[in-house]
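All remarks here apply to the structure that follows.
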Amino acid sequence: MITKRDGRKVEFDGNKIRVAIARAYWDPDYAPEKPFPPYVEDIVTYMEEENEAYDISVEEIQDKVEEFLMKYDPKTARKYVRYRYRKEVIREQRDDFYLRLKDKIEATNVQNQNANVDEYSFGGRKGETDSAIMKEYALNYCVSDMARENHEGNMIYIHDLDAYAVGMHNCLTIPFDDLLAKGFNTRQTDVRPARSINTAFQLIAVIFQLQSLQQFGGVSASHLDWTMVPYVRMSFYKHFCDGNKWLEGRDECDYEFGPDSPIDWKDYKIYGPKAYDYAMEMTERELRQAVEGMYHNLNTLQSRSGNQLPFTSINYGTCTLAEGRMVTKALLEGSIKGVGKLHRTPIFPCGIFQMMKGVNREPGDPNYDLYRLALQSTARRLYPNYANVDWSGNQGYDRNDPRTFFSTMGCRTANGMDVNGLGQLKDGRGNICPVTIILPTLAMMAKNAAKADPHGHADGDPDALFEIFMAILDTKIEQARDMLIERFEYICKQDPRSAQFMYENHTMAGYVPEEGIRSALKHGTIVIGQLGMAETLEILFGTNQCHEEGMKYAKRIEQLFKERCAEYKQQYKLNFGVYYTPAENLCYTAMKKFRSKYGVIPNVSDHEYFTNSIHVPVWEKVGPLDKIDIESQLTGYSSAGCITYVELETGIINNLDAMEQIVNYAMDHDIPYFAINVPNDTCLSCGYTGEFNDTCPICGSTNIQQLRRVTGYLTGNYKTAFNWGKQKETEQRVKHTGRMET
Amino acid sequence: MRYAGIIYDDTAAAPGLCLSFYVQGCDIHCPGCHNPCTWNFDGGHEFTAETLDHIISGIKKNNILRNFSVLGGEPLARPNLFLTAMVIQEVRNTYPGIKIWVWTGHDMDELMIQNSNPHLRLILQNIDALVTGPFKQELRDITLPYCGSSNQEVWILDHEKNIWYNENDGRTYPNVRAREDE
């Protein structure tokens with residue numbers, strides 16, 4: 001018997017030795033009918049005899065074969081040794097790979113790459129394992145050598161590599177107006193159009209689920225208050241007819257009302273005052289329940305791979321019709337009320353309140369009251385965030401079409417002007433794929449190049465060093481472009497049946513079946529992201545963008561990004577954009593790689609994470625308005641999405657005026673997307689919410705959930721759901737208010 | 001003259017953003033005090049003309065007008081009265097429209113009796129709100145706006161009628177009046 005590597009015993013088979021030698025020597029595709037050199041049979045016979053004496057191991061056989069070959073045929077022996085080595089490397093790689101898979105399968109080394117995934121759950125373990133295989137596959141078989149080199153060299157990062165090989169795209173703003181009005185098809189059935197506000201909100205959750213399975217990123221609603229107007233009317237009319245029958249005593253509604261009549265039509269009140277009051281109350285009640293249902297659905301249906309909730313976002317706040325106002329109010333009140341027994345902060349959907357001049361910005365504006373309500377919700381629940389409809393970057397939108405108002409994905413990704421004819425339309429468009437340039441790596445390359453310069457010109461001369469850096473950056477932006485085109489074309493090659501719900505129901509706009517899926521994908525964005533502006537400036541100039549000198553360079557860097565993306569957009573007729581990447585996991589993994597290569601550099605790699613895009617580093621002690629002053633000088637360069645945060649104290653709930661000042665300041669400074677971070681520690685015993693770390697100040701319980709924001713979204717307890725880098729970043733966040741300058 | 005510190009963008013000491021000025025030195029010493037380091041009248045930093053400039057320019061930093069709040073320490077302790085009055089008057093003269101808040105460990109009865117002091121009278125006429133009362137540990141309630149314990153009170157000055165008004169329970173106090181000779 002032979003003892004195999006894994007310990008199993010099998011019958012001796014001399015042919016295996018013949019094949020191994022044959023493959024080593026002359027023919028990788030050896031076929032048995034070919035003749036062998038005569039000594040091969042000697043080896044086989046010898047081994048056969050040895051094997052009768054005792055159970056010989058595979059390694060021993062190979063050693064013997066090697067010895068024989070050395071004696072009879074040294075040339076083949078060398079080849080055989082190499083062959084044996086190659087096999088061993090492959091075996092080791094495979095072992096290594098399987099060991100990594102084992103980590104995922106058994107959840108022994110949980111990294112929390114994505115705070116939304118429970119890596120301990122069955123689904124999470126399966127999903128993570130799957131993801132590891134898909135990433136390996138994509139790097140080996142899908143991407144170009146240039147792309148792979150950039151990715152592995154920590155220069156240009158390919159996001160969501162695990163979705164690359166199957167050709168999924170990233171995210172989508174769903175055209176809910178159409179889907180609710182026309183109904184839609186699924187694999188098993190079709191769904192009729194919504195006929196009430198209750199149904200409409202249920203379908204919102206259903207459609208979010210369905211679409212999020214067709215892609216790897218988030219899903220959003222761009223103007224949910226407007227979207228819901230017809231369904232509020234339908235519900236109201238239904239309730240009015242009931243009231244008319246039972247309270248007014250009329251069997252029929254013999255007036256020109258219909259399910260599309262505005263609820264504030266004065267004739268309603270005159271025709272049936274009791275029925276009107278009844279209908280109003282019932283509609284509000286139905287709406288409240290519908291909203292509550294949606295919040296619960298979006299926090300419970302873990303329908304995505306790896307037991308994830310879909311990343312859902314809802315934009316609202318600009319509709320001044322009675323129905324739209326009612327919806328915004330219900331959404332905000334639902335958010336304030338919270339979910340579950342303890343009324344906890346809903347993690348999803350990410351609420352985004354759309355700020356618009358003349359609509360909700362100032363006292364006297366028709367929706368100013370809703371803005372105040374939004375602030376109250378933000379103070380308590382961190383949501384909503386604030387999108388700036390008047391943002392200069394959204395020029396060309398149609399004031400009469402809320403589908404073109406500035407809206408975003410919760411994380412920050414936004415649809416800009418479409419180069420393929422859809423203008424500023426948001427619905428049915430999304431990001432197709434992103435890459436991120438890891439700026440600090442390029443800065444180190446520039447610095448090393450300057451040092452190596454034989455004339456020594458650049459070493460010590462900041463402007464010369466900057467020129468070198470910009471040349472490297474320009475090359476990398478161009479390579480990022482090629483990497484995006486490479487992936488975009490790969491995605492375009494997919495069969496529409498891969499995402500049947502999306503293409504059949506036209507959730508992605510512009511799809512013409514005869515032209516293929518490119519007809520839809522071309523309206524999406526392909527974006528060049530960036531990471532670590534602050535650290536980059538520290539490497540190059542020992543300063544960052546919080547200081548005038550650093551800001552000067554930061555602007556020139558962003559200008560290059562902007563110009564190149566604008567050129568590519570026209571040249572390739574694809575929606576290239578400058579993206580201030582969320583980099584939830586990348587901020588940490590890129591730093592780890594960076595540090596292993598360049599070591600610990602003060603202010604650069606002496607912390608666990610790179611600072612996001614152009615953000616002011618979390619440890620900088622700046623006031624909230626100072627932070628806005630700094631970041632607003634750079635947000636204008638980004639066309640594909642960015643976010644600006646300010647960290648406040650929980651006590652802010654008693655000071656909405658201060659919040660309003662800060663949000664207004666951000667809007668006035670043309671910040672496109674603004675969010676306020678307030679520590680949100682929830683006692684899981686009594687439900688009290690505030691900032692108190694490990695012990696509830698009300699009931700003394702130590703069962704605490706610490707919610708914090710990551711990448712625009714909230715997540716569960718940051719101490720268990722965030723990766724190490726993000727945990728550190730969170731702990732180092734300096735409050736922008738309430739510091740005593742002593 | 002000494003002071004403890006300044007918070008430039010405070011959100012907890014007055015409605016809206018405010019600049020908070022902490023005086024140094026306290027004669028009350030509530031058990032459980034948030035900043036006992038402000039008790040010693042000799043502690044903190046020297047108040048200079050530059051400090052006043054920081055306050056005046058800080059209030060309208062970023063071209064946004066903030067409110068102004070004086071805390072401590074005890075701003076109305078006798079050794080602090082001159083500084084408190086002077087800073088408040090400077091701020092009031094520069095920014096007539098903003099709200100000025102003062103936080104004291106004394107309660108209304110004490111303050112209105114003590115009003116023979118001209119600096120205190122000047123302060124009480126130039127401000128818009130008072131947070132009064134000592135901090136009492138046993139009455140601590142972290143959910144109260146502007147107060148640390150439930151015995152503390154917020155008073156808003158009605159300038160026209162010159163009376164202090166408690167928005168919680170509607171009680172009023174007549175404010176001190178300027179003397180003829182002031």
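Convention: chains lettered A, B, ... in structure tokens order; per-chain residue numbering from 1; ligands numbered from 1 as shown.
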Distance-based interface of chain A with chain B, 10 Å, counting only C-alpha atoms, as a PyMOL selection string:
chain A and resi 622-626+628-629+648-662+665+690+697-698+736-742
Selection: 10 Å around Met47 in chain A, only C-alpha atoms, excl. self and same-chain fewer than 6 positions, as a compact mmCIF listing (two decimals) with N, CA, C and O atoms, in the first residue's frame:
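The new file part_23.txt reads:
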```txt
# COMPACT_ATOMS: atom_id res chain seq x y z
N PHE A 12 -0.74 0.34 -4.69
CA PHE A 12 0.35 0.82 -5.51
C PHE A 12 -0.07 0.78 -6.98
O PHE A 12 -0.67 -0.18 -7.44
N ASP A 13 0.20 1.89 -7.69
CA ASP A 13 -0.14 1.94 -9.11
C ASP A 13 1.08 2.47 -9.86
O ASP A 13 1.34 3.68 -9.87
N GLY A 14 1.83 1.56 -10.46
CA GLY A 14 3.08 1.92 -11.12
C GLY A 14 2.88 2.93 -12.25
O GLY A 14 3.76 3.75 -12.54
N ILE A 17 3.71 6.61 -11.60
CA ILE A 17 5.11 7.01 -11.68
C ILE A 17 5.49 7.28 -13.13
O ILE A 17 6.14 8.28 -13.45
N GLU A 41 10.93 1.67 -16.57
CA GLU A 41 10.39 0.40 -16.08
C GLU A 41 11.21 -0.13 -14.90
O GLU A 41 10.65 -0.69 -13.97
N ILE A 56 4.98 2.39 1.70
CA ILE A 56 5.88 3.48 1.35
C ILE A 56 5.06 4.77 1.12
O ILE A 56 3.90 4.69 0.71
N GLU A 60 8.47 9.50 -0.26
CA GLU A 60 9.59 8.55 -0.40
C GLU A 60 9.72 8.08 -1.84
O GLU A 60 10.83 7.97 -2.38
N ILE A 61 8.60 7.79 -2.46
CA ILE A 61 8.63 7.37 -3.86
C ILE A 61 9.31 8.44 -4.70
O ILE A 61 10.22 8.16 -5.50
N LYS A 64 13.00 8.50 -4.27
CA LYS A 64 13.64 7.38 -4.97
C LYS A 64 13.70 7.65 -6.47
O LYS A 64 14.74 7.45 -7.11
N VAL A 65 12.58 8.11 -7.01
CA VAL A 65 12.55 8.41 -8.45
C VAL A 65 13.64 9.41 -8.79
O VAL A 65 14.37 9.26 -9.77
```
Which neighbours of range 102-117 of chain B fall inside 7 Å, counting only C-alpha atoms, when residues of the same chain fewer than 3 positions from it are skipped, and could you give them as a JSON list (two decimals) with C-alpha atoms, in the first residue's frame?
```json
[["chain", "number", "residue", "atom", "x", "y", "z"],
["B", 28, "ILE", "CA", -20.00, 78.12, 46.12],
["B", 69, "SER", "CA", -22.50, 82.91, 27.45],
["B", 70, "VAL", "CA", -20.60, 83.51, 30.68],
["B", 71, "LEU", "CA", -20.03, 80.51, 32.91],
["B", 74, "GLU", "CA", -18.91, 81.77, 39.45],
["B", 75, "PRO", "CA", -19.29, 84.81, 37.18],
["B", 76, "LEU", "CA", -21.19, 86.68, 39.89],
["B", 120, "LEU", "CA", -24.00, 93.32, 39.23],
["B", 121, "ARG", "CA", -26.66, 95.86, 38.26],
["B", 129, "ALA", "CA", -31.00, 85.10, 30.27],
["B", 130, "LEU", "CA", -29.85, 83.71, 33.60],
["B", 131, "VAL", "CA", -29.38, 80.10, 34.59],
["B", 132, "THR", "CA", -29.60, 80.08, 38.38],
["B", 133, "GLY", "CA", -29.10, 77.81, 41.37],
["B", 134, "PRO", "CA", -26.38, 75.54, 42.76],
["B", 176, "VAL", "CA", -32.92, 95.67, 39.13]]
```
Go through A:Lys266, A:His223, A:His547, A:Lys573 and flag the residue nearest Lys627 in chain A, using only C-alpha atoms for the distances.
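Using only C-alpha atoms, the shortest distance to Lys627 in chain A belongs to A:His547.
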Which residues are near Asn80 in chain B? Cut-off 9 Å, only C-alpha atoms, ignore same chain within fewer than 3 positions. Put them as an mmCIF file with N, CA and C atoms, in the first residue's frame.
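Produced file around.cif, reproduced below:
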```
data_model
loop_
_atom_site.group_PDB
_atom_site.id
_atom_site.type_symbol
_atom_site.label_atom_id
_atom_site.label_comp_id
_atom_site.auth_asym_id
_atom_site.auth_seq_id
_atom_site.Cartn_x
_atom_site.Cartn_y
_atom_site.Cartn_z
ATOM 1 N N MET B 1 -6.764 89.897 36.945
ATOM 2 C CA MET B 1 -8.004 89.262 36.480
ATOM 3 C C MET B 1 -7.674 87.945 35.789
ATOM 4 N N ARG B 2 -8.448 86.916 36.144
ATOM 5 C CA ARG B 2 -8.130 85.599 35.598
ATOM 6 C C ARG B 2 -9.377 84.962 34.999
ATOM 7 N N VAL B 23 -15.227 82.054 33.560
ATOM 8 C CA VAL B 23 -14.409 82.830 34.492
ATOM 9 C C VAL B 23 -13.721 81.871 35.461
ATOM 10 N N GLN B 24 -12.728 82.381 36.166
ATOM 11 C CA GLN B 24 -11.975 81.548 37.106
ATOM 12 C C GLN B 24 -12.306 81.966 38.540
ATOM 13 N N GLY B 25 -12.587 80.996 39.378
ATOM 14 C CA GLY B 25 -12.838 81.275 40.787
ATOM 15 C C GLY B 25 -14.309 81.119 41.140
ATOM 16 N N CYS B 26 -14.558 80.385 42.228
ATOM 17 C CA CYS B 26 -15.944 80.158 42.634
ATOM 18 C C CYS B 26 -16.014 80.161 44.161
ATOM 19 N N PHE B 41 -9.490 81.071 42.820
ATOM 20 C CA PHE B 41 -9.463 82.402 42.196
ATOM 21 C C PHE B 41 -8.085 82.750 41.613
ATOM 22 N N GLY B 73 -16.452 78.254 37.163
ATOM 23 C CA GLY B 73 -16.356 79.388 38.088
ATOM 24 C C GLY B 73 -17.734 80.001 38.385
ATOM 25 N N GLU B 74 -17.676 81.049 39.120
ATOM 26 C CA GLU B 74 -18.908 81.768 39.447
ATOM 27 C C GLU B 74 -18.780 83.204 38.927
ATOM 28 N N PRO B 75 -19.458 83.497 37.801
ATOM 29 C CA PRO B 75 -19.291 84.813 37.179
ATOM 30 C C PRO B 75 -19.736 85.950 38.107
ATOM 31 N N LEU B 76 -20.654 85.625 39.045
ATOM 32 C CA LEU B 76 -21.188 86.684 39.891
ATOM 33 C C LEU B 76 -20.579 86.681 41.292
ATOM 34 N N ALA B 77 -19.504 85.904 41.463
ATOM 35 C CA ALA B 77 -18.754 85.992 42.730
ATOM 36 C C ALA B 77 -18.125 87.381 42.788
ATOM 37 N N LEU B 83 -14.799 91.826 36.089
ATOM 38 C CA LEU B 83 -14.449 91.232 34.792
ATOM 39 C C LEU B 83 -15.720 90.847 34.024
ATOM 40 N N THR B 84 -16.638 90.176 34.727
ATOM 41 C CA THR B 84 -17.874 89.758 34.070
ATOM 42 C C THR B 84 -18.604 90.975 33.481
ATOM 43 N N ALA B 85 -18.722 92.021 34.282
ATOM 44 C CA ALA B 85 -19.447 93.215 33.832
ATOM 45 C C ALA B 85 -18.744 93.859 32.645
#
```
Shell of 8 Å around Asn299 in chain A, only C-alpha atoms, local chain residues under 4 positions omitted, as a list in words:
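Non-adjacent residues within range: Tyr295, Leu309, Pro346, Ile347, Phe348 and Pro349 of chain A.
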Name the residues of range 19-81 of chain B that come out as alpha helix (DSSP H) in a backbone DSSP run; write them as a list in words.
Ala49, Glu50, Thr51, Leu52, Asp53, His54, Ile55, Ile56, Ser57, Gly58, Ile59, Arg78, Pro79, Asn80 and Leu81 of chain B
Within 6 Å of Asn166 in chain B, counting only C-alpha atoms, which residues show up once you throw out same-chain ones fewer than 4 positions away? Write them as a VMD selection string, please.
chain B and resid 155 170 to 171
For Thr172 in chain B, list every protein, DNA or RNA residue within 10 Å, evaluated using only C-alpha atoms, and leave out those in the same chain fewer than 4 positions away; present the list as a PDB file with N, CA and C atoms, in the first residue's frame.
```pdb
ATOM      1  N   MET B 108     -32.384  83.379  42.415  1.00  0.00           N
ATOM      2  CA  MET B 108     -32.934  84.704  42.124  1.00  0.00           C
ATOM      3  C   MET B 108     -33.038  85.572  43.381  1.00  0.00           C
ATOM      4  N   TRP B 155     -34.065  81.720  33.426  1.00  0.00           N
ATOM      5  CA  TRP B 155     -34.854  82.956  33.458  1.00  0.00           C
ATOM      6  C   TRP B 155     -34.554  83.787  32.221  1.00  0.00           C
ATOM      7  N   ILE B 156     -35.627  84.254  31.595  1.00  0.00           N
ATOM      8  CA  ILE B 156     -35.442  85.080  30.393  1.00  0.00           C
ATOM      9  C   ILE B 156     -35.877  86.503  30.756  1.00  0.00           C
ATOM     10  N   LEU B 157     -35.069  87.462  30.369  1.00  0.00           N
ATOM     11  CA  LEU B 157     -35.398  88.863  30.707  1.00  0.00           C
ATOM     12  C   LEU B 157     -36.284  89.474  29.629  1.00  0.00           C
ATOM     13  N   ASP B 158     -37.433  89.979  30.059  1.00  0.00           N
ATOM     14  CA  ASP B 158     -38.277  90.767  29.167  1.00  0.00           C
ATOM     15  C   ASP B 158     -37.788  92.210  29.282  1.00  0.00           C
ATOM     16  N   ILE B 163     -38.657  92.632  33.497  1.00  0.00           N
ATOM     17  CA  ILE B 163     -38.873  91.574  34.488  1.00  0.00           C
ATOM     18  C   ILE B 163     -38.293  90.243  33.976  1.00  0.00           C
ATOM     19  N   TRP B 164     -37.888  89.420  34.953  1.00  0.00           N
ATOM     20  CA  TRP B 164     -37.382  88.086  34.645  1.00  0.00           C
ATOM     21  C   TRP B 164     -38.546  87.126  34.622  1.00  0.00           C
ATOM     22  N   TYR B 165     -38.518  86.230  33.663  1.00  0.00           N
ATOM     23  CA  TYR B 165     -39.654  85.354  33.416  1.00  0.00           C
ATOM     24  C   TYR B 165     -39.164  83.907  33.356  1.00  0.00           C
ATOM     25  N   ASN B 166     -39.775  83.031  34.139  1.00  0.00           N
ATOM     26  CA  ASN B 166     -39.425  81.610  34.121  1.00  0.00           C
ATOM     27  C   ASN B 166     -40.390  80.879  33.197  1.00  0.00           C
ATOM     28  N   GLU B 167     -39.907  80.406  32.082  1.00  0.00           N
ATOM     29  CA  GLU B 167     -40.798  79.823  31.066  1.00  0.00           C
ATOM     30  C   GLU B 167     -41.425  78.517  31.530  1.00  0.00           C
TER      31      GLU B 167
END
```
